[in-house]
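Engineer: Data file upload.cif (mmCIF, C-alpha atoms) is appended below.
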```cif
data_work
loop_
_atom_site.label_atom_id
_atom_site.label_comp_id
_atom_site.auth_asym_id
_atom_site.auth_seq_id
_atom_site.Cartn_x
_atom_site.Cartn_y
_atom_site.Cartn_z
CA MET A 230 8.45 -133.64 -55.66
CA ILE A 231 5.39 -134.96 -57.46
CA ASP A 232 2.03 -134.34 -55.84
CA LEU A 233 -0.99 -136.62 -55.48
CA MET A 234 -2.50 -135.50 -58.81
CA GLU A 235 0.73 -136.24 -60.68
CA ALA A 236 1.09 -139.59 -58.96
CA VAL A 237 -2.50 -140.61 -59.79
CA LEU A 238 -2.29 -139.45 -63.43
CA GLY A 239 1.32 -140.40 -64.09
CA ILE A 240 2.31 -136.85 -65.05
CA ALA A 241 6.07 -136.85 -65.63
CA ALA A 242 8.07 -134.10 -63.90
CA GLU A 243 9.57 -132.90 -67.22
CA SER A 244 6.25 -132.98 -69.16
CA PRO A 245 4.56 -129.87 -70.63
CA LEU A 246 1.65 -130.39 -68.24
CA ALA A 247 3.97 -130.33 -65.22
CA ALA A 248 5.52 -127.14 -66.60
CA LEU A 249 2.06 -125.63 -67.01
CA ARG A 250 1.13 -126.54 -63.44
CA ALA A 251 4.38 -124.96 -62.21
CA ARG A 252 3.02 -121.61 -63.43
CA ARG A 253 0.32 -122.01 -60.77
CA ALA A 254 2.64 -123.42 -58.11
CA PRO A 255 0.62 -121.97 -55.18
CA ALA A 256 -2.59 -123.69 -56.36
CA ARG A 257 -0.69 -126.97 -56.71
CA ALA A 258 0.92 -126.62 -53.28
CA HIS A 259 -2.20 -125.51 -51.41
CA ALA A 260 -4.32 -128.31 -52.89
CA GLU A 261 -1.70 -130.79 -51.72
CA GLY A 262 -1.60 -129.06 -48.34
CA ALA A 263 -5.37 -129.11 -47.99
CA TRP A 264 -5.43 -132.84 -48.80
CA ARG A 265 -2.79 -133.52 -46.12
CA GLU A 266 -4.54 -131.35 -43.53
CA LEU A 267 -7.84 -133.10 -44.15
CA VAL A 268 -6.84 -136.71 -44.67
CA LEU A 269 -3.47 -137.05 -42.92
CA PRO A 270 -3.40 -134.36 -40.22
CA PRO A 271 -0.60 -134.67 -37.61
CA THR A 272 -3.23 -134.09 -34.88
CA PRO A 273 -6.52 -135.55 -36.15
CA GLY A 274 -8.54 -134.25 -33.18
CA GLY A 275 -12.06 -135.62 -32.82
CA LEU A 276 -12.21 -137.08 -36.33
CA SER A 277 -9.95 -140.14 -36.44
CA LEU A 278 -7.60 -141.02 -39.30
CA PRO A 279 -9.65 -144.08 -40.36
CA GLU A 280 -12.85 -141.99 -40.28
CA ARG A 281 -11.16 -139.40 -42.49
CA ALA A 282 -9.91 -142.01 -44.95
CA ALA A 283 -13.36 -143.65 -45.00
CA LEU A 284 -15.06 -140.35 -45.88
CA ALA A 285 -12.52 -139.67 -48.63
CA LEU A 286 -12.90 -143.18 -50.06
CA ARG A 287 -16.68 -142.93 -49.94
CA VAL A 288 -16.79 -139.63 -51.83
CA ALA A 289 -14.22 -140.77 -54.41
CA LEU A 290 -16.44 -143.81 -55.09
CA LEU A 291 -19.59 -141.67 -55.29
CA GLU A 292 -17.80 -139.34 -57.72
CA GLY A 293 -16.68 -142.23 -59.91
CA ALA A 294 -13.02 -141.34 -59.39
CA ALA A 295 -11.58 -144.86 -59.35
CA PRO A 296 -7.83 -144.00 -59.20
CA LEU A 297 -8.46 -141.57 -56.35
CA ALA A 298 -10.60 -144.18 -54.56
CA ALA A 299 -7.74 -146.68 -54.88
CA HIS A 300 -5.43 -144.20 -53.18
CA TYR A 301 -7.83 -143.70 -50.27
CA ARG A 302 -8.55 -147.43 -50.02
CA GLY A 303 -4.82 -147.92 -49.48
CA LEU A 304 -5.00 -145.76 -46.34
CA LEU A 305 -7.51 -148.18 -44.78
CA ALA A 306 -5.44 -151.38 -45.03
CA GLU A 307 -5.26 -151.62 -41.23
CA TRP A 308 -9.01 -151.03 -40.80
CA PRO A 309 -10.81 -153.60 -43.01
CA ALA A 310 -14.17 -153.17 -41.25
CA VAL A 311 -14.07 -149.41 -41.81
CA GLN A 312 -13.12 -149.95 -45.45
CA ALA A 313 -16.01 -152.39 -45.90
CA ALA A 314 -18.46 -149.88 -44.42
CA ALA A 315 -17.17 -147.12 -46.69
CA GLU A 316 -17.67 -149.34 -49.74
CA CYS A 317 -21.17 -150.53 -48.79
CA PHE A 318 -23.92 -149.10 -51.03
CA PRO A 319 -26.39 -148.07 -49.82
CA ALA A 320 -24.78 -147.08 -46.53
CA VAL A 321 -25.80 -149.02 -43.42
CA ASP A 322 -28.86 -147.44 -41.80
CA ASP A 323 -27.52 -147.54 -38.21
CA ASP A 324 -26.97 -144.69 -35.76
CA ASP A 325 -23.33 -145.40 -34.93
CA ARG A 326 -20.80 -142.64 -35.69
CA LEU A 327 -19.32 -144.19 -38.82
CA SER A 328 -22.69 -144.99 -40.41
CA LEU A 329 -23.91 -141.46 -39.70
CA LEU A 330 -20.72 -139.95 -41.13
CA LEU A 331 -20.96 -142.06 -44.29
CA ARG A 332 -24.62 -141.12 -44.82
CA PHE A 333 -23.67 -137.45 -44.29
CA ALA A 334 -20.98 -137.92 -46.96
CA ASP A 335 -23.60 -139.34 -49.36
CA LEU A 336 -25.82 -136.31 -48.77
CA VAL A 337 -23.13 -133.63 -49.08
CA ALA A 338 -21.43 -135.22 -52.07
CA ARG A 339 -24.50 -136.15 -54.11
CA ALA A 340 -27.33 -133.86 -52.99
CA PRO A 341 -25.87 -130.87 -51.12
CA GLY A 342 -29.05 -128.88 -51.74
CA ARG A 343 -30.96 -131.36 -49.57
CA CYS A 344 -28.75 -130.80 -46.50
CA ASP A 345 -30.70 -129.52 -43.54
CA GLN A 346 -30.39 -128.83 -39.83
CA ALA A 347 -31.48 -132.39 -39.01
CA ALA A 348 -28.44 -133.80 -40.85
CA ILE A 349 -26.12 -131.66 -38.75
CA ASP A 350 -28.02 -132.35 -35.52
CA ALA A 351 -27.72 -136.12 -36.05
CA LEU A 352 -23.93 -135.74 -36.05
CA THR A 353 -24.03 -133.64 -32.88
CA ALA A 354 -26.23 -136.25 -31.21
CA ALA A 355 -23.62 -138.90 -32.07
CA GLY A 356 -21.02 -136.93 -30.13
CA LEU A 357 -19.30 -134.94 -32.87
CA SER A 358 -18.17 -131.44 -31.85
CA THR A 359 -18.68 -128.38 -34.04
CA GLN A 360 -15.01 -128.63 -35.01
CA ASP A 361 -15.44 -132.30 -36.01
CA ILE A 362 -18.51 -131.48 -38.12
CA VAL A 363 -16.70 -128.67 -39.94
CA ALA A 364 -13.67 -130.92 -40.48
CA ALA A 365 -15.84 -133.74 -41.87
CA THR A 366 -17.70 -131.34 -44.17
CA GLN A 367 -14.43 -129.81 -45.42
CA LEU A 368 -13.10 -133.28 -46.19
CA ILE A 369 -16.26 -134.48 -47.92
CA ALA A 370 -16.36 -131.26 -49.99
CA PHE A 371 -12.67 -131.43 -50.93
CA VAL A 372 -12.76 -134.75 -52.77
CA PRO A 373 -15.11 -133.26 -55.43
CA TYR A 374 -12.40 -130.60 -55.99
CA GLN A 375 -9.80 -133.32 -56.47
CA THR A 376 -12.13 -135.25 -58.79
CA ARG A 377 -12.63 -132.29 -61.13
CA LEU A 378 -9.00 -131.22 -61.03
CA LEU A 379 -8.01 -134.78 -61.98
CA ALA A 380 -10.58 -134.84 -64.80
CA GLY A 381 -9.40 -131.48 -66.12
CA LEU A 382 -5.71 -132.41 -65.96
CA ARG A 383 -6.42 -135.75 -67.61
CA ALA A 384 -8.21 -133.92 -70.45
CA LEU A 385 -5.23 -131.58 -70.89
CA GLN A 386 -2.89 -134.56 -70.86
CA ALA A 387 -4.94 -136.29 -73.57
CA ALA A 388 -5.27 -133.12 -75.66
CA ALA A 389 -1.54 -132.34 -75.69
CA MET B 234 -38.65 -121.70 -58.95
CA SER B 235 -34.90 -121.53 -59.27
CA GLY B 236 -34.53 -118.62 -56.83
CA PHE B 237 -31.33 -117.47 -58.53
CA THR B 238 -30.86 -113.73 -58.14
CA LEU B 239 -28.26 -110.99 -58.18
CA GLY B 240 -29.15 -110.63 -54.56
CA PRO B 241 -28.62 -109.66 -51.92
CA VAL B 242 -28.78 -113.21 -50.55
CA GLY B 243 -27.92 -114.00 -46.94
CA TRP B 244 -26.50 -117.16 -45.41
CA ARG B 245 -27.39 -118.60 -42.02
CA PRO B 246 -25.01 -121.20 -40.54
CA ARG B 247 -26.22 -124.50 -39.07
CA VAL B 248 -23.34 -124.59 -36.57
CA PRO B 249 -22.22 -121.64 -34.42
CA PRO B 250 -19.52 -119.48 -36.08
CA VAL B 251 -16.37 -118.56 -34.16
CA ARG B 252 -16.71 -115.14 -32.52
CA ALA B 253 -13.90 -113.02 -33.97
CA GLU B 254 -13.02 -111.42 -30.62
CA GLN B 255 -12.68 -114.85 -29.02
CA ALA B 256 -10.80 -116.59 -31.85
CA SER B 257 -7.72 -118.62 -30.93
CA PRO B 258 -4.31 -117.79 -32.44
CA ALA B 259 -4.67 -120.85 -34.73
CA GLN B 260 -8.10 -119.68 -35.87
CA LEU B 261 -6.86 -116.13 -36.52
CA ALA B 262 -3.86 -117.45 -38.47
CA ALA B 263 -6.13 -119.62 -40.64
CA LEU B 264 -8.46 -116.67 -41.32
CA GLU B 265 -5.47 -114.58 -42.48
CA ALA B 266 -5.07 -116.91 -45.49
CA CYS B 267 -8.63 -116.19 -46.69
CA PRO B 268 -9.55 -113.36 -49.09
CA PRO B 269 -9.09 -110.09 -47.11
CA ALA B 270 -12.57 -108.70 -47.80
CA GLN B 271 -14.27 -111.87 -46.55
CA ARG B 272 -12.23 -113.11 -43.62
CA ARG B 273 -14.68 -111.74 -41.04
CA SER B 274 -17.73 -113.06 -42.87
CA THR B 275 -20.07 -115.47 -41.12
CA TYR B 276 -19.04 -118.15 -43.61
CA PHE B 277 -15.30 -117.97 -42.92
CA LEU B 278 -15.92 -117.63 -39.16
CA THR B 279 -17.96 -120.84 -39.39
CA LEU B 280 -15.12 -122.62 -41.19
CA ALA B 281 -12.69 -121.29 -38.55
CA ASN B 282 -14.17 -123.81 -36.09
CA ASP B 283 -11.64 -126.20 -37.64
CA PRO B 284 -8.58 -124.02 -38.27
CA GLY B 285 -6.53 -126.97 -39.51
CA SER B 286 -8.72 -127.33 -42.60
CA LEU B 287 -9.20 -123.61 -43.24
CA GLY B 288 -5.64 -122.39 -43.78
CA GLU B 289 -4.56 -124.36 -46.83
CA ARG B 290 -8.05 -124.47 -48.31
CA GLY B 291 -8.46 -120.70 -47.81
CA ALA B 292 -5.11 -120.06 -49.48
CA LEU B 293 -6.11 -122.33 -52.37
CA PHE B 294 -9.38 -120.43 -52.82
CA THR B 295 -7.59 -117.07 -52.85
CA GLU B 296 -5.04 -118.26 -55.43
CA VAL B 297 -7.68 -119.83 -57.68
CA MET B 298 -9.90 -116.74 -57.76
CA TYR B 299 -7.30 -113.94 -57.69
CA ALA B 300 -3.95 -115.20 -59.10
CA GLU B 301 -2.35 -112.64 -61.44
CA GLY B 302 -2.44 -113.19 -65.20
CA GLY B 303 -4.04 -116.13 -66.93
CA LEU B 304 -7.82 -116.29 -67.15
CA ASP B 305 -9.62 -112.96 -66.91
CA ARG B 306 -11.20 -112.46 -63.49
CA ALA B 307 -14.62 -111.91 -65.04
CA ASP B 308 -14.36 -115.29 -66.74
CA ARG B 309 -13.55 -116.94 -63.39
CA GLU B 310 -16.60 -115.25 -61.85
CA LEU B 311 -18.81 -116.38 -64.74
CA ALA B 312 -17.60 -119.97 -64.43
CA THR B 313 -18.09 -120.08 -60.66
CA ALA B 314 -21.58 -118.54 -60.94
CA VAL B 315 -22.50 -121.22 -63.50
CA VAL B 316 -21.11 -124.05 -61.35
CA SER B 317 -23.12 -122.66 -58.43
CA MET B 318 -26.28 -122.69 -60.55
CA VAL B 319 -25.67 -126.30 -61.62
CA ASN B 320 -25.16 -127.25 -57.96
CA GLY B 321 -28.16 -125.20 -56.83
CA CYS B 322 -26.27 -122.91 -54.42
CA VAL B 323 -28.32 -119.71 -54.44
CA TYR B 324 -25.91 -117.84 -52.15
CA CYS B 325 -22.73 -118.60 -54.14
CA THR B 326 -24.55 -117.87 -57.41
CA SER B 327 -25.56 -114.40 -56.24
CA VAL B 328 -22.07 -113.51 -54.96
CA HIS B 329 -20.25 -114.52 -58.14
CA ALA B 330 -22.95 -113.24 -60.50
CA GLN B 331 -22.59 -109.84 -58.78
CA ARG B 332 -18.81 -109.89 -59.19
CA PHE B 333 -19.18 -110.76 -62.88
CA VAL B 334 -21.51 -107.79 -63.30
CA GLU B 335 -19.13 -105.48 -61.41
CA LEU B 336 -16.26 -106.50 -63.68
CA THR B 337 -18.12 -106.46 -67.01
CA GLY B 338 -21.17 -104.20 -66.63
CA GLU B 339 -23.25 -107.01 -68.20
CA THR B 340 -26.21 -106.74 -65.81
CA ALA B 341 -28.91 -107.62 -68.35
CA LEU B 342 -27.00 -110.64 -69.63
CA MET B 343 -26.47 -112.02 -66.13
CA GLN B 344 -30.08 -111.39 -65.13
CA ARG B 345 -31.20 -113.33 -68.18
CA LEU B 346 -28.82 -116.18 -67.41
CA LEU B 347 -30.14 -116.40 -63.84
CA ALA B 348 -33.81 -116.20 -64.88
CA GLU B 349 -33.83 -118.26 -68.08
CA GLY B 350 -30.99 -120.69 -67.49
CA LEU B 351 -27.72 -121.67 -69.07
CA ASP B 352 -28.96 -122.20 -72.66
CA ILE B 353 -29.41 -118.51 -73.56
CA PRO B 354 -27.38 -117.15 -76.51
CA LEU B 355 -23.88 -116.06 -75.47
CA ALA B 356 -20.77 -114.77 -77.22
CA PRO B 357 -18.65 -117.77 -78.33
CA ARG B 358 -15.96 -117.31 -75.65
CA TRP B 359 -18.50 -117.17 -72.83
CA ARG B 360 -20.50 -120.04 -74.38
CA ALA B 361 -17.39 -122.23 -74.31
CA ILE B 362 -16.61 -121.26 -70.70
CA VAL B 363 -20.22 -121.93 -69.60
CA ASP B 364 -20.27 -125.30 -71.40
CA ALA B 365 -16.98 -126.35 -69.79
CA ALA B 366 -18.31 -125.34 -66.36
CA ILE B 367 -21.49 -127.37 -66.85
CA ARG B 368 -19.70 -130.44 -68.18
CA LEU B 369 -16.85 -130.60 -65.66
CA THR B 370 -19.30 -130.03 -62.80
CA ALA B 371 -22.02 -132.48 -63.81
CA ALA B 372 -20.00 -135.20 -65.56
CA PRO B 373 -16.28 -134.93 -64.79
CA GLU B 374 -15.61 -138.38 -66.25
CA ALA B 375 -16.91 -137.15 -69.63
CA PHE B 376 -14.68 -134.05 -69.69
CA GLY B 377 -12.01 -134.77 -72.27
CA PRO B 378 -9.95 -133.56 -75.22
CA ALA B 379 -13.06 -132.36 -77.08
CA GLU B 380 -13.84 -129.91 -74.25
CA ILE B 381 -10.22 -128.69 -74.25
CA ALA B 382 -10.36 -128.25 -78.03
CA ALA B 383 -13.55 -126.18 -77.73
CA LEU B 384 -11.84 -123.85 -75.26
CA ARG B 385 -8.73 -123.52 -77.44
CA GLY B 386 -11.05 -122.87 -80.39
CA VAL B 387 -12.34 -119.65 -78.80
CA GLY B 388 -8.81 -118.48 -78.05
CA LEU B 389 -8.05 -119.70 -74.53
CA ASP B 390 -4.41 -120.63 -73.99
CA ASP B 391 -3.41 -123.49 -71.72
CA LEU B 392 -2.77 -121.30 -68.65
CA GLU B 393 -6.26 -119.83 -69.05
CA ILE B 394 -7.70 -123.34 -69.39
CA LEU B 395 -5.86 -124.49 -66.25
CA ASP B 396 -7.23 -121.45 -64.38
CA LEU B 397 -10.73 -122.33 -65.61
CA ILE B 398 -10.36 -125.94 -64.43
CA HIS B 399 -9.20 -124.70 -61.02
CA ALA B 400 -12.14 -122.28 -60.71
CA ILE B 401 -14.73 -124.91 -61.71
CA ALA B 402 -13.21 -127.48 -59.33
CA MET B 403 -13.06 -124.95 -56.49
CA PHE B 404 -16.82 -124.52 -56.60
CA ALA B 405 -17.51 -128.24 -56.50
CA ASN B 406 -15.96 -127.66 -53.07
CA ALA B 407 -17.30 -124.23 -52.10
CA ASN B 408 -20.93 -124.96 -53.02
CA ARG B 409 -20.97 -128.14 -50.93
CA LEU B 410 -19.46 -126.37 -47.92
CA MET B 411 -21.98 -123.55 -48.15
CA GLN B 412 -24.98 -125.82 -48.69
CA ALA B 413 -24.04 -128.31 -45.97
CA LEU B 414 -23.05 -125.88 -43.24
CA GLY B 415 -25.76 -123.28 -43.79
CA GLN B 416 -28.89 -122.05 -45.50
CA SER B 417 -29.22 -119.41 -48.25
CA ILE B 418 -31.71 -116.70 -47.26
CA LEU B 419 -33.44 -114.83 -50.10
CA PRO B 420 -34.37 -111.14 -49.93
CA GLY B 421 -37.45 -111.03 -47.73
CA GLY B 422 -36.24 -113.91 -45.59
CA ALA B 423 -37.37 -116.95 -47.60
CA ARG B 424 -35.17 -120.02 -47.45
CA ALA B 425 -33.54 -121.15 -50.67
CA GLY B 426 -31.40 -124.10 -51.70
#
```
Output the file's structure in the form of structure tokens.
Structural biologist:
Amino acid sequence: MIDLMEAVLGIAAESPLAALRARRAPARAHAEGAWRELVLPPTPGGLSLPERAALALRVALLEGAAPLAAHYRGLLAEWPAVQAAAECFPAVDDDDRLSLLLRFADLVARAPGRCDQAAIDALTAAGLSTQDIVAATQLIAFVPYQTRLLAGLRALQAAA
Amino acid sequence: MSGFTLGPVGWRPRVPPVRAEQASPAQLAALEACPPAQRRSTYFLTLANDPGSLGERGALFTEVMYAEGGLDRADRELATAVVSMVNGCVYCTSVHAQRFVELTGETALMQRLLAEGLDIPLAPRWRAIVDAAIRLTAAPEAFGPAEIAALRGVGLDDLEILDLIHAIAMFANANRLMQALGQSILPGGARAG
């Protein structure tokens, strides 16, 4: 079965690049697994599915990964207001959960060195548990992995 | 001041880590997928707060850094140290710079890289790896066939190049986790990026 990277890049199952990736089958499978655990978990816990999709969309946009952003936008079809918030630049300067999460995504994705205790405490004050904060951070930090894997695979595809 | 050093650098979490003796079965299972030497570290115990996102991601990290064959482990450590420098993660830089030194014995070279930056003279193979790490980290949209050709030009085969891409991408992730969820602590206790 093709994975998200192959779907986004149009990598054919019988191509040399697919064969190369098969030599690192665990990396391919665990990246797909991590994406599902973060964005489409069977039990989303304190971080809802639309919040997760909004964070993923936001970071894909910040990273300039348009095909990946299109994928995440598709997950928000039933939540147009959430999608609009995720695509609003700069993020809305309110203290509701979604605005805070989106501003946290901006910080972690674009300027991780400027993260501080106040950024974490603002999420706690908005009612996020420690588990929710770790889940949100994992998700925000995973899209930059996907972005660079896509860029690297696309370069290999073009250099074949 | 860059603050990059071979260490030792500490890391202080901004959320409470799971206490190993009180971890749930799901948390313990997720920790089992992480590299054996580090699964009781403060960092992994912090990530264990959300076991659902630790298991697959931990397994991915282990595969990317330690999979048999392909790119030399020292080259993976060099690339991840360089990515960590570009992203300003003092803790990750020190860990992977130390591993590079352990594997190669190139203490002076690494100290110079940390102190003077990524433009110092390097052997062609390492230069190509460092350049790929900088480019794919800072401008992924500009990483293309020319970068692949440069890597092939110094003798990397396609499995080695795939391993390099995985390692560079992994630290776009790892640096952000480290920097968001905690604070690097320099020798002597000073805070660093």
Engineer: Considering only C-alpha atoms, extract the chain B residues located within 7 Å of chain A and return them as a PyMOL selection string.
Structural biologist: chain B and resi 247-248+280+282-283+285-286+289-290+292-293+296-297+321+369+373-374+376-378+381+392+398-399+402-403+405-406+409-410+412-413+426
Engineer: Please enumerate the residues selected by the PyMOL selection byres ((chain B and resi 331-338) around 8) when evaluated against the supplied file, formatted as a list in words.
Structural biologist: Leu239, Gly240, Arg306, Ala307, Asp308, Glu310, Leu311, Ser327, Val328, His329, Ala330, Glu339, Thr340 and Met343 of chain B
Engineer: For the provided coordinates, the residues matched by the PyMOL selection byres ((chain B and resi 318) around 12) should be stated as a PyMOL selection string.
Structural biologist: (chain A and resi 342) or (chain B and resi 235-238+311-317+319-330+346-351+363+366-367+370-371+401+404-405+408+426)
Engineer: What does the structure give for the distance between CA of Arg309 in chain B and CA of Ser244 in chain A, in Å to one decimal?
Structural biologist: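 Interatomic distance here is 26.1 Å.
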Engineer: Find the spatial neighbours of range 302-311 of chain A, counting only C-alpha atoms, within a cut-off of 12 Å - ignore same-chain residues fewer than 3 positions away - and output them as an MDAnalysis selection string.
Structural biologist: chainID A and resid 268:269 277:290 295:299 314:317 320:321 326:328 330:331
Engineer: Between CA of Asp232 in chain A and CA of Gly291 in chain B, what distance in Å does the model show, to one decimal?
Structural biologist: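 Distance reported for this atom pair: 19.0 Å.
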Engineer: If I take CA of Gly302 in chain B and CA of Asp396 in chain B, how far is one from the other in Å, to one decimal?
Structural biologist: 9.6 Å
Engineer: Given the file shown, determine the residues that the PyMOL selection byres ((chain B and resi 358) around 10) selects; report them as a VMD selection string.
Structural biologist: chain B and resid 308 355 to 357 359 to 363 383 to 389
Engineer: For the selection you just gave me, I'd like the residues written to a file as a JSON list (two decimals), keeping the file's coordinate frame, keeping C-alpha atoms.
Structural biologist:
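What ended up in part02.json:
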```
[["chain", "number", "residue", "atom", "x", "y", "z"],
["B", 308, "ASP", "CA", -14.36, -115.29, -66.74],
["B", 355, "LEU", "CA", -23.88, -116.06, -75.47],
["B", 356, "ALA", "CA", -20.77, -114.77, -77.22],
["B", 357, "PRO", "CA", -18.65, -117.77, -78.33],
["B", 359, "TRP", "CA", -18.50, -117.17, -72.83],
["B", 360, "ARG", "CA", -20.50, -120.04, -74.38],
["B", 361, "ALA", "CA", -17.39, -122.23, -74.31],
["B", 362, "ILE", "CA", -16.61, -121.26, -70.70],
["B", 363, "VAL", "CA", -20.22, -121.93, -69.60],
["B", 383, "ALA", "CA", -13.55, -126.18, -77.73],
["B", 384, "LEU", "CA", -11.84, -123.85, -75.26],
["B", 385, "ARG", "CA", -8.73, -123.52, -77.44],
["B", 386, "GLY", "CA", -11.05, -122.87, -80.39],
["B", 387, "VAL", "CA", -12.34, -119.65, -78.80],
["B", 388, "GLY", "CA", -8.81, -118.48, -78.05],
["B", 389, "LEU", "CA", -8.05, -119.70, -74.53]]
```
